[in-house]
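Data block for final-v7.txt (compact mmCIF, C-alpha atoms and all ligand atoms):
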```
# COMPACT_ATOMS: atom_id res chain seq x y z
CA MET A 1 -94.19 14.03 -105.33
CA SER A 2 -92.19 16.19 -107.68
CA ASP A 3 -92.71 17.98 -110.92
CA GLU A 4 -90.62 20.31 -113.00
CA LYS A 5 -91.41 23.90 -113.85
CA ASN A 6 -89.86 27.02 -115.18
CA LEU A 7 -89.28 29.85 -112.75
CA SER A 8 -90.57 33.01 -114.25
CA GLY A 9 -89.97 36.65 -113.34
CA PRO A 10 -87.03 38.97 -113.77
CA HIS A 11 -84.55 36.30 -112.65
CA ARG A 12 -85.58 33.41 -114.81
CA VAL A 13 -83.29 30.63 -113.65
CA GLY A 14 -84.44 27.56 -115.54
CA LEU A 15 -85.63 24.14 -114.50
CA VAL A 16 -86.37 23.77 -110.83
CA LYS A 17 -87.68 20.62 -109.18
CA GLU A 18 -90.53 21.21 -106.77
CA VAL A 19 -90.72 18.76 -103.91
CA THR A 20 -93.25 18.63 -101.12
CA SER A 21 -93.08 14.96 -100.14
CA LEU A 22 -90.66 13.62 -97.55
CA ALA A 23 -90.75 10.33 -99.44
CA ASN A 24 -89.16 11.90 -102.53
CA PRO A 25 -85.95 10.01 -103.39
CA ILE A 26 -83.92 13.25 -103.71
CA ILE A 27 -84.93 14.19 -100.18
CA LYS A 28 -84.20 10.69 -98.90
CA ASP A 29 -80.71 10.85 -100.44
CA ILE A 30 -80.04 14.23 -98.86
CA LYS A 31 -81.24 13.05 -95.45
CA ALA A 32 -78.96 10.02 -95.73
CA LEU A 33 -76.01 12.46 -95.68
CA SER A 34 -76.41 12.54 -91.91
CA GLN A 35 -74.53 9.21 -92.03
CA LYS A 36 -70.78 9.23 -92.59
CA LYS A 37 -71.04 6.11 -94.78
CA THR A 38 -73.29 7.95 -97.24
CA ARG A 39 -71.10 11.07 -97.17
CA ASP A 40 -68.07 8.92 -97.97
CA GLU A 41 -69.81 6.94 -100.72
CA THR A 42 -71.15 10.05 -102.45
CA ASN A 43 -68.16 12.23 -101.54
CA THR A 44 -70.61 15.00 -100.58
CA PHE A 45 -71.82 16.89 -97.54
CA MET A 46 -74.46 19.43 -96.59
CA ALA A 47 -74.02 23.08 -95.63
CA GLU A 48 -76.87 25.29 -94.43
CA GLY A 49 -77.50 28.96 -95.08
CA LEU A 50 -77.42 31.28 -98.08
CA LYS A 51 -74.26 33.07 -96.96
CA LEU A 52 -72.36 29.80 -96.59
CA VAL A 53 -73.50 28.60 -100.00
CA ILE A 54 -72.45 31.89 -101.63
CA ASP A 55 -69.06 31.80 -99.85
CA ALA A 56 -68.50 28.19 -100.90
CA LEU A 57 -69.26 28.94 -104.54
CA GLU A 58 -66.99 31.98 -104.48
CA LEU A 59 -64.18 29.86 -103.06
CA GLY A 60 -64.57 27.35 -105.90
CA TRP A 61 -66.35 24.49 -104.16
CA THR A 62 -68.54 22.33 -106.42
CA ILE A 63 -72.24 22.30 -105.63
CA ARG A 64 -74.24 19.22 -106.58
CA THR A 65 -77.65 20.21 -105.28
CA LEU A 66 -79.19 23.48 -104.12
CA VAL A 67 -82.30 23.25 -101.96
CA TYR A 68 -84.32 26.32 -101.07
CA ALA A 69 -87.59 27.01 -99.27
CA LYS A 70 -90.60 28.13 -101.28
CA ALA A 71 -90.54 31.36 -99.28
CA ALA A 72 -87.07 32.18 -100.65
CA LYS A 73 -88.19 31.85 -104.27
CA GLY A 74 -87.56 34.97 -106.31
CA LYS A 75 -84.97 36.45 -103.97
CA PRO A 76 -82.18 37.74 -106.24
CA ALA A 77 -79.40 36.13 -104.19
CA VAL A 78 -81.16 32.77 -104.27
CA GLU A 79 -81.71 33.03 -108.02
CA GLN A 80 -78.04 33.87 -108.43
CA VAL A 81 -76.90 30.72 -106.62
CA ALA A 82 -79.53 28.72 -108.51
CA LEU A 83 -78.06 29.98 -111.79
CA ARG A 84 -74.57 29.07 -110.68
CA THR A 85 -75.77 25.62 -109.64
CA PHE A 86 -77.32 25.05 -113.08
CA ALA A 87 -74.20 26.35 -114.78
CA THR A 88 -72.12 23.55 -113.26
CA GLY A 89 -74.70 20.85 -113.95
CA GLY A 90 -76.18 20.80 -110.44
CA LEU A 91 -79.74 20.20 -109.38
CA VAL A 92 -82.00 22.91 -107.94
CA VAL A 93 -84.86 21.87 -105.70
CA GLU A 94 -87.62 24.03 -104.25
CA VAL A 95 -89.16 22.51 -101.13
CA SER A 96 -91.76 23.18 -98.48
CA GLU A 97 -90.63 24.32 -95.05
CA LYS A 98 -91.65 20.91 -93.69
CA VAL A 99 -89.21 19.20 -96.06
CA LEU A 100 -86.44 21.66 -95.18
CA SER A 101 -87.01 21.09 -91.45
CA SER A 102 -86.76 17.38 -92.02
CA ILE A 103 -83.52 17.68 -94.06
CA THR A 104 -81.81 19.89 -91.49
CA ARG A 105 -83.54 18.35 -88.43
CA ARG A 106 -84.43 21.82 -87.22
CA ASP A 107 -87.70 23.53 -86.40
CA ASN A 108 -86.60 26.84 -87.86
CA PRO A 109 -84.39 25.78 -90.74
CA GLN A 110 -82.26 28.03 -92.90
CA MET A 111 -83.94 28.95 -96.19
CA VAL A 112 -81.12 27.52 -98.30
CA VAL A 113 -79.10 24.31 -98.14
CA GLY A 114 -76.28 23.26 -100.45
CA ILE A 115 -74.93 19.78 -101.10
CA PHE A 116 -71.25 20.11 -102.01
CA GLU A 117 -68.46 17.81 -103.08
CA GLN A 118 -65.97 17.08 -100.30
CA GLN A 119 -62.53 18.53 -100.76
CA PHE A 120 -59.42 17.49 -98.84
CA THR A 121 -55.96 18.95 -99.33
CA ARG A 122 -53.21 16.37 -99.90
CA LEU A 123 -50.64 16.49 -97.13
CA ALA A 124 -47.91 16.35 -99.78
CA ASP A 125 -49.26 19.60 -101.19
CA ILE A 126 -48.75 21.42 -97.89
CA GLN A 127 -45.37 23.11 -98.10
CA PRO A 128 -45.29 25.58 -95.22
CA LYS A 129 -43.60 28.91 -95.81
CA ALA A 130 -42.07 31.35 -93.34
CA THR A 131 -44.66 33.00 -91.06
CA GLU A 132 -47.24 30.31 -91.81
CA THR A 133 -48.97 28.40 -89.01
CA TYR A 134 -50.74 25.05 -89.26
CA VAL A 135 -52.70 23.08 -86.70
CA ALA A 136 -52.20 19.31 -86.40
CA LEU A 137 -54.85 17.48 -84.39
CA ASP A 138 -54.25 14.04 -82.95
CA ARG A 139 -57.41 11.87 -83.23
CA VAL A 140 -59.85 14.72 -82.59
CA ARG A 141 -63.14 13.14 -81.53
CA ASP A 142 -65.65 15.87 -80.95
CA PRO A 143 -67.30 17.43 -84.06
CA GLY A 144 -67.97 20.68 -82.18
CA ASN A 145 -64.31 20.94 -81.20
CA LEU A 146 -63.13 20.27 -84.75
CA GLY A 147 -65.53 22.83 -86.22
CA THR A 148 -64.56 25.43 -83.65
CA ILE A 149 -60.86 24.79 -84.33
CA ILE A 150 -61.32 25.18 -88.10
CA ARG A 151 -63.19 28.45 -87.49
CA THR A 152 -60.58 29.69 -85.03
CA ALA A 153 -57.69 28.70 -87.29
CA ASP A 154 -59.32 30.71 -90.07
CA ALA A 155 -59.81 33.71 -87.77
CA ALA A 156 -56.22 33.53 -86.53
CA GLY A 157 -54.85 33.54 -90.07
CA ALA A 158 -53.59 29.95 -89.99
CA SER A 159 -52.94 28.19 -93.29
CA GLY A 160 -54.48 24.78 -92.70
CA VAL A 161 -55.52 21.98 -90.38
CA ILE A 162 -54.03 18.47 -90.47
CA LEU A 163 -56.06 15.61 -89.01
CA ILE A 164 -53.80 12.86 -87.67
CA GLY A 165 -55.16 9.35 -87.15
CA ASP A 166 -58.75 8.31 -86.70
CA SER A 167 -60.58 11.66 -86.47
CA THR A 168 -64.16 12.83 -86.45
CA ASP A 169 -65.48 13.72 -89.91
CA PRO A 170 -64.87 17.36 -90.88
CA PHE A 171 -67.90 17.09 -93.18
CA SER A 172 -70.47 16.02 -90.60
CA LEU A 173 -73.35 18.46 -90.20
CA GLU A 174 -72.33 19.25 -86.63
CA THR A 175 -68.74 20.08 -87.63
CA ILE A 176 -69.86 22.15 -90.61
CA ARG A 177 -72.24 24.12 -88.39
CA ALA A 178 -69.49 24.80 -85.88
CA THR A 179 -67.09 26.03 -88.59
CA MET A 180 -69.59 28.78 -89.50
CA GLY A 181 -68.34 28.64 -93.08
CA SER A 182 -64.61 28.53 -92.37
CA VAL A 183 -64.51 24.93 -93.64
CA PHE A 184 -64.67 26.41 -97.14
CA ALA A 185 -61.68 28.69 -96.53
CA MET A 186 -59.40 26.45 -94.49
CA PRO A 187 -57.46 23.64 -96.19
CA VAL A 188 -57.92 20.35 -94.29
CA ALA A 189 -55.58 17.38 -94.81
CA ARG A 190 -55.63 13.86 -93.35
CA ALA A 191 -52.69 11.69 -92.37
CA SER A 192 -51.74 8.62 -90.35
CA VAL A 193 -49.11 9.12 -87.64
CA GLU A 194 -46.46 7.64 -89.97
CA GLU A 195 -47.49 9.85 -92.90
CA PHE A 196 -47.43 12.93 -90.68
CA LEU A 197 -43.97 12.12 -89.28
CA ARG A 198 -42.62 11.44 -92.78
CA TRP A 199 -44.05 14.76 -94.00
CA LYS A 200 -42.59 16.55 -90.99
CA LYS A 201 -39.09 15.25 -91.85
CA GLY A 202 -39.36 16.63 -95.38
CA ALA A 203 -40.96 19.95 -94.46
CA ASP A 204 -38.89 22.69 -92.90
CA VAL A 205 -41.19 23.24 -89.92
CA GLN A 206 -41.06 23.42 -86.14
CA VAL A 207 -43.65 21.26 -84.44
CA VAL A 208 -44.83 22.88 -81.24
CA ALA A 209 -46.77 20.20 -79.39
CA THR A 210 -48.99 21.07 -76.47
CA HIS A 211 -48.89 18.79 -73.48
CA LEU A 212 -50.07 19.06 -69.90
CA ALA A 213 -46.58 17.92 -68.87
CA GLY A 214 -44.93 20.32 -71.31
CA SER A 215 -41.60 21.75 -70.17
CA VAL A 216 -41.87 25.09 -71.93
CA ASP A 217 -44.22 27.96 -71.19
CA TYR A 218 -46.09 28.53 -74.50
CA ARG A 219 -45.35 32.28 -74.37
CA THR A 220 -41.57 31.80 -74.42
CA ILE A 221 -41.37 29.87 -77.71
CA ASP A 222 -39.81 31.52 -80.77
CA TYR A 223 -42.65 31.09 -83.25
CA ARG A 224 -40.75 33.04 -85.90
CA ARG A 225 -37.84 30.62 -86.24
CA LYS A 226 -39.58 28.39 -88.80
CA PRO A 227 -43.13 27.77 -90.06
CA VAL A 228 -45.11 26.50 -87.08
CA VAL A 229 -47.18 23.34 -86.73
CA LEU A 230 -49.17 23.48 -83.49
CA MET A 231 -49.82 19.90 -82.46
CA MET A 232 -52.76 19.23 -80.16
CA GLY A 233 -53.62 16.03 -78.30
CA ASN A 234 -56.78 13.95 -78.22
CA GLU A 235 -59.54 15.16 -75.87
CA GLN A 236 -59.43 12.10 -73.59
CA SER A 237 -55.90 10.76 -73.68
CA GLY A 238 -53.78 13.73 -74.75
CA LEU A 239 -50.82 13.41 -77.10
CA PRO A 240 -49.33 9.88 -77.45
CA GLU A 241 -45.60 9.23 -76.98
CA ASP A 242 -44.86 8.61 -80.67
CA LEU A 243 -46.05 12.10 -81.57
CA ALA A 244 -44.84 13.90 -78.44
CA THR A 245 -41.26 12.65 -78.79
CA GLU A 246 -41.04 13.92 -82.38
CA ALA A 247 -42.05 17.47 -81.44
CA ASP A 248 -39.48 20.28 -81.44
CA ALA A 249 -41.01 21.75 -78.28
CA LEU A 250 -43.53 20.56 -75.70
CA ALA A 251 -45.49 23.61 -74.67
CA ARG A 252 -47.63 24.08 -71.61
CA ILE A 253 -50.28 26.73 -71.05
CA PRO A 254 -50.02 27.55 -67.33
CA GLN A 255 -53.37 27.18 -65.60
CA GLN A 256 -54.93 28.13 -62.30
CA GLY A 257 -57.91 26.71 -60.45
CA ARG A 258 -59.17 23.17 -60.27
CA ALA A 259 -59.48 22.28 -63.98
CA ASP A 260 -57.08 19.51 -65.07
CA SER A 261 -56.81 20.87 -68.58
CA LEU A 262 -58.31 23.28 -71.07
CA ASN A 263 -60.86 22.20 -73.64
CA LEU A 264 -59.05 21.20 -76.85
CA ALA A 265 -60.58 23.98 -78.97
CA ILE A 266 -59.84 26.59 -76.33
CA ALA A 267 -56.22 25.41 -75.97
CA THR A 268 -55.84 25.52 -79.77
CA GLY A 269 -57.24 29.08 -79.83
CA VAL A 270 -54.82 30.21 -77.12
CA MET A 271 -51.87 28.72 -79.06
CA LEU A 272 -52.98 30.09 -82.42
CA PHE A 273 -53.32 33.65 -81.18
CA GLU A 274 -50.04 33.49 -79.27
CA ALA A 275 -48.24 32.33 -82.42
CA ARG A 276 -50.01 35.09 -84.37
CA ARG A 277 -48.98 37.69 -81.79
CA HIS A 278 -45.31 36.69 -82.24
CA LEU A 279 -45.52 36.47 -86.01
CA LEU A 280 -47.16 39.85 -86.36
CA ASP A 281 -44.75 41.17 -83.77
CA LEU A 282 -47.57 42.68 -81.78
CA GLY A 283 -45.48 42.77 -78.61
N1 LIG A 301 -56.58 14.08 -70.20
C1 LIG A 301 -55.90 14.68 -71.30
C2 LIG A 301 -54.42 14.69 -71.05
O1 LIG A 301 -54.00 14.08 -70.09
O2 LIG A 301 -53.66 15.23 -71.85
C3 LIG A 301 -56.45 16.06 -71.49
C4 LIG A 301 -56.44 16.45 -72.90
S1 LIG A 301 -56.89 18.12 -73.23
C5 LIG A 301 -58.61 18.12 -72.96
C6 LIG A 301 -56.75 18.14 -74.97
C7 LIG A 301 -55.49 18.74 -75.50
O3 LIG A 301 -55.53 20.15 -75.31
C8 LIG A 301 -54.21 18.30 -74.83
O4 LIG A 301 -53.75 17.06 -75.34
C9 LIG A 301 -53.29 19.43 -75.20
O5 LIG A 301 -52.87 19.32 -76.52
C10 LIG A 301 -54.21 20.63 -75.08
N2 LIG A 301 -54.19 21.25 -73.75
C11 LIG A 301 -55.23 21.45 -72.91
N3 LIG A 301 -54.85 22.13 -71.84
C12 LIG A 301 -53.52 22.38 -71.97
C13 LIG A 301 -52.53 23.09 -71.20
N4 LIG A 301 -52.84 23.65 -70.04
N5 LIG A 301 -51.27 23.15 -71.67
C14 LIG A 301 -50.94 22.59 -72.86
N6 LIG A 301 -51.82 21.93 -73.62
C15 LIG A 301 -53.10 21.83 -73.21
```
Same coordinates, now as structure tokens:
Amino acid sequence: MSDEKNLSGPHRVGLVKEVTSLANPIIKDIKALSQKKTRDETNTFMAEGLKLVIDALELGWTIRTLVYAKAAKGKPAVEQVALRTFATGGLVVEVSEKVLSSITRRDNPQMVVGIFEQQFTRLADIQPKATETYVALDRVRDPGNLGTIIRTADAAGASGVILIGDSTDPFSLETIRATMGSVFAMPVARASVEEFLRWKKGADVQVVATHLAGSVDYRTIDYRRKPVVLMMGNEQSGLPEDLATEADALARIPQQGRADSLNLAIATGVMLFEARRHLLDLG
């Protein structure tokens, strides 16, 4: 059931829909965003938490729906984001904790959830400049890995992430959670292998691919020579020939112990911070 009412008080924010029923169509539509098909059709995704929603709005992302728990009503920060949602024609919904738990599939849900429009960067618009670093991921499969990589790329000062081939969805709830908000700050582009290789020819970059059979120790590479694209292989099968042969260097992170390889997100983090160390000349 839903009805409309005016929020009163010092932060009068306008028309808010109140929803307590799980059968409400708005709630059903939001819950359907757990499926990639629905995210693609509506070009939207869900992000949880007031801080994330504020960050996203500040970075210019378009909010379609703001959902908040009854208990958060009247909080100045929540009223602020509600106002901003109204200002861009979005919907604001106040729900019970039961509804919020159901939307987020969590027992202790965040008080605020935002439904945003998806935003990809066009590969053609990525024109790397000196000292910039990008990450290119070959068919990344695991949402947790992708989210962690986006977060780490952000923290390492990288300029963007390029998804090559059939990748996991950067806008799935699991990926968004793992990015901890960095998805809003980090440009993400998509490309087929052919599109990536064509782009690489036109862009003045050095592609440093990581490979278990790499011939170069990752610490010895000159990351300052040209803008860097760190290319990382798929979790199961590693980097395929067609991408590996096009790389300017095949780097290896020397390992000890019994592990065959590093986890993809860990390997990406090691590479990102090594490139950063060189670029910032930290010795
Ligand atoms: N079985 C896969 C293989 O044979 O390549 C393992 C892939 S590994 C889990 C995922 C990716 O992380 C690799 O394709 C590579 O890009 C990177 N990686 C992991 N450990 C590495 C290492 N020690 N040196 C270089 N790259 C590494």
Could you list, as a short mmCIF file (atom, residue, chain, number, x, y, z; two decimals) with C-alpha atoms, keeping the file's coordinate frame, all the residues within 12 Å of ligand LIG 301 (chain A), counting all atoms listed in the file?
```cif
data_model
loop_
_atom_site.label_atom_id
_atom_site.label_comp_id
_atom_site.auth_asym_id
_atom_site.auth_seq_id
_atom_site.Cartn_x
_atom_site.Cartn_y
_atom_site.Cartn_z
CA VAL A 135 -52.70 23.08 -86.70
CA ALA A 136 -52.20 19.31 -86.40
CA LEU A 137 -54.85 17.48 -84.39
CA ASP A 138 -54.25 14.04 -82.95
CA ARG A 139 -57.41 11.87 -83.23
CA VAL A 140 -59.85 14.72 -82.59
CA ARG A 141 -63.14 13.14 -81.53
CA ASP A 142 -65.65 15.87 -80.95
CA ASN A 145 -64.31 20.94 -81.20
CA LEU A 146 -63.13 20.27 -84.75
CA ILE A 149 -60.86 24.79 -84.33
CA VAL A 208 -44.83 22.88 -81.24
CA ALA A 209 -46.77 20.20 -79.39
CA THR A 210 -48.99 21.07 -76.47
CA HIS A 211 -48.89 18.79 -73.48
CA LEU A 212 -50.07 19.06 -69.90
CA ALA A 213 -46.58 17.92 -68.87
CA GLY A 214 -44.93 20.32 -71.31
CA SER A 215 -41.60 21.75 -70.17
CA VAL A 216 -41.87 25.09 -71.93
CA ASP A 217 -44.22 27.96 -71.19
CA TYR A 218 -46.09 28.53 -74.50
CA ARG A 219 -45.35 32.28 -74.37
CA LEU A 230 -49.17 23.48 -83.49
CA MET A 231 -49.82 19.90 -82.46
CA MET A 232 -52.76 19.23 -80.16
CA GLY A 233 -53.62 16.03 -78.30
CA ASN A 234 -56.78 13.95 -78.22
CA GLU A 235 -59.54 15.16 -75.87
CA GLN A 236 -59.43 12.10 -73.59
CA SER A 237 -55.90 10.76 -73.68
CA GLY A 238 -53.78 13.73 -74.75
CA LEU A 239 -50.82 13.41 -77.10
CA PRO A 240 -49.33 9.88 -77.45
CA GLU A 241 -45.60 9.23 -76.98
CA LEU A 243 -46.05 12.10 -81.57
CA ALA A 244 -44.84 13.90 -78.44
CA ALA A 249 -41.01 21.75 -78.28
CA LEU A 250 -43.53 20.56 -75.70
CA ALA A 251 -45.49 23.61 -74.67
CA ARG A 252 -47.63 24.08 -71.61
CA ILE A 253 -50.28 26.73 -71.05
CA PRO A 254 -50.02 27.55 -67.33
CA GLN A 255 -53.37 27.18 -65.60
CA GLN A 256 -54.93 28.13 -62.30
CA GLY A 257 -57.91 26.71 -60.45
CA ARG A 258 -59.17 23.17 -60.27
CA ALA A 259 -59.48 22.28 -63.98
CA ASP A 260 -57.08 19.51 -65.07
CA SER A 261 -56.81 20.87 -68.58
CA LEU A 262 -58.31 23.28 -71.07
CA ASN A 263 -60.86 22.20 -73.64
CA LEU A 264 -59.05 21.20 -76.85
CA ALA A 265 -60.58 23.98 -78.97
CA ILE A 266 -59.84 26.59 -76.33
CA ALA A 267 -56.22 25.41 -75.97
CA THR A 268 -55.84 25.52 -79.77
CA GLY A 269 -57.24 29.08 -79.83
CA VAL A 270 -54.82 30.21 -77.12
CA MET A 271 -51.87 28.72 -79.06
#
```
Enclose all atoms of region 195-208 of chain A listed in the file in an axis-aligned box, grow every side by 5 Å, and hand back centre and edge lengths in Å to one decimal, as lines of an AutoDock Vina configuration file.
```
center_x = -43.2
center_y = 16.6
center_z = -88.3
size_x = 18.6
size_y = 23.6
size_z = 24.1
```
Separation of CA of Leu123 (chain A) from CA of Thr245 (chain A), in Å and rounded to one decimal: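 CA of Leu123 (chain A) sits 21.0 Å away from CA of Thr245 (chain A).
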| request: Identify, on the basis of all atoms listed in the file, every residue whose closest approach to Arg39 (chain A) does not exceed 10 Å; exclude the query and any residue fewer than 4 positions from it along the same chain; express the result as a list in words. | output: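 Close residues of Arg39 (chain A): Ile30, Ala32, Leu33, Ser34, Gln35, Asn43, Thr44, Phe45, Met46, Glu117, Gln118, Asp169, Phe171 and Ser172 of chain A.
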Any idea what's packed within 9 Å of Lys31 (chain A), counting only C-alpha atoms, ignoring anything in its chain fewer than 5 positions away? Could you give it as a PDB file with C-alpha atoms, keeping the file's coordinate frame?
```
ATOM      1  CA  ILE A  26     -83.920  13.250-103.710  1.00  0.00           C
ATOM      2  CA  SER A 102     -86.760  17.380 -92.020  1.00  0.00           C
ATOM      3  CA  ILE A 103     -83.520  17.680 -94.060  1.00  0.00           C
ATOM      4  CA  THR A 104     -81.810  19.890 -91.490  1.00  0.00           C
TER       5      THR A 104
END
```
Shell of 12 Å around region 127-132 of chain A, all atoms listed in the file, local chain residues under 3 positions omitted, as a VMD selection string: chain A and resid 121 to 124 135 153 156 to 161 199 to 207 222 to 230 272 275 to 281
Practice task
Between A:Val81, A:Ile221, A:Leu163, A:Leu100, single out the one closest to Glu48 (chain A), counting all atoms listed in the file.
Solution key: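 Nearest candidate to Glu48 (chain A) out of A:Val81, A:Ile221, A:Leu163, A:Leu100: A:Leu100.
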Of A:Lys17, A:Ala47, A:Tyr134, A:Arg105, the one sitting nearest Ala82 (chain A) when using only C-alpha atoms is A:Lys17
Fill in: Point-to-point distance in Å for CA of Ile164 (chain A) and CA of Phe116 (chain A)
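According to the coordinates, CA of Phe116 (chain A) and CA of Ile164 (chain A) are separated by 23.7 Å.
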Could you tell me how far CA of Glu79 (chain A) sits from CA of Pro170 (chain A), in Å to one decimal place?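 Atom-to-atom, CA of Pro170 (chain A) to CA of Glu79 (chain A), that is 28.7 Å.
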Using all atoms listed in the file, the residue out of A:Thr175, A:Ser167, A:Thr85, A:Thr133 with shortest distance to Leu66 (chain A) is A:Thr85
Check the smallest atom-to-atom distance from each of A:Ala71, A:Val53, A:Val113, A:Leu91 to Leu15 (chain A) using all atoms listed in the file, then report the winner.
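Smallest distance to Leu15 (chain A) is found for A:Leu91.
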Residue with the minimum atom-to-atom distance to Arg84 (chain A), picked from A:Thr62, A:Thr38, A:Thr148, A:Ser101 with all atoms listed in the file counted, is A:Thr62
Next item on the list: Would you list the residues near (-76.2, 30.5, -97.5) (no more than 12 Å away, in the coordinates of the file, using all atoms listed in the file) as a PyMOL selection string?
Entry: chain A and resi 46-58+66-68+72+77-78+80-82+109-115+177+180-181
